[in-house]
Amino acid sequence: MLTTRPREGLVNRLRLRAFAAIPFVLALAVHLSLLATWYDRLPDPLATHFSGADGRPDGYTGLGTSVAVSTALLLAAGVCWVLWVRRAALWGAWATAGFTGSLLDLFLKSNLDAAEASEARFPLAMISLGFVIGGLAALVGLGLTRLVPKDPVPETDPDAAARIELGTHEVAGWSRTTSSLFLTVLALVFTVTGIGLLLLAPWPFALLGLLGLVIGASGLVLARVRVTVDRHGLTVTYTVFPAFRTRVPFDDITAVTARDINPLREYGGWGYRVRVHGPRSCCTPARRSSYGGRAAGTSR
């Protein structure tokens with residue numbers, strides 16, 4: 001039987017993707033407008049790599065090549081966010097566009113009215129302005145999140161979950177380690193790309209390497225987790241860094257239900273999820289068995 005998604009859900013997804021595309025369109029429009037306005041006041045080649053606290057140039061790129069790279073960078077980042085954006089992460093699209101776009105504009109400003117590219121200056125302190133603009137853009141994206149309705153979560157019967165019959169002196173424990181190959185590969189790609197940008201890319205594009213390292217390291221931590229349910233409660237341990245764990249004591253658990261979920265639609269993906277509005281969650285693939293996973297009974 002052929003089924004179709006509700007029209008309302010499709011409209012919400014299109015609205016979300018439009019909101020994710022807007023900041024990159026604005027960033028690109030501002031960048032190209034500044035370029036057109038300042039074109040006669042920019043040296044060719046441009047100073048594209050700086051060093052030292054005072055930001056003296058030590059690398060140069062042709063004006064046309066620099067513009068092409070900047071445009072491609074904003075377009076590529078925008079396409080990625082539009083394709084994979086989730087409601088809870090919309091602020092990230094705006095933060096990325098705000099930070100990246102502002103750095104590119106400041107990069108042009110540093111070359112403005114320089115008779116030669118060697119006269120350009122890009123002090124490290126200017127990077128803080130990029131973070132401020134990125135933070136303000138993130139707040140705008142966070143506000144727009146309210147304009148995208150949440151997808152409804154299907155109701156389930158709490159009594160439908162399978163039960164384990166235990167003796168008087170028995171307890172049950174459930175534990176499973178699960179990993180995401182896709183997230184692991186993606187994290188490694190970001191890590192390697194970040195290192196490459198830091199070592200090889202001209203300034204200020206090398207700063208994107210720091211973002212790649214942060215995303216890569218976070219992805220490697222979240223790519224493999226162990227979920228344990230025992231007499232202590234529910235514990236999520238990150239196998240890469242076992243010292244970091246999340247535990248929910250039994251006294252804090254008010255109800256337990258079992259149901260099928262759509263991780264991408266309901267929680268924004270697999271792994272440990274931090275939601276701006278709503279509870280935190282950990283989504284892991286479940287192995288189908290009589291107990292929904294691996295269970296064991298032990299005597300006290």
# chains A, B, ... in the order shown; residues from 1 in each chain; ligands from 1
>>> select_by_dssp(residues="segment 30-232 of chain A", states="alpha helix (DSSP H)", output="MDAnalysis selection string")
chainID A and resid 30:38 63:84 90:111 126:145 181:200 208:222
>>> select_by_dssp(residues="segment 103-228 of chain A", states="strand (DSSP E or B)", output="PyMOL selection string")
chain A and resi 170-179+224-228
>>> atom_distance(atom1="atom CA of Thr184 of chain A", atom2="atom CA of Leu220 of chain A")
5.9 Å
>>> closest_residue(among="A:Tyr238, A:Trp38, A:Phe131, A:Phe122", to="Ser179 of chain A", atoms="only C-alpha atoms")
A:Tyr238
>>> atom_distance(atom1="atom CA of Val85 of chain A", atom2="atom CA of Ala217 of chain A")
20.1 Å
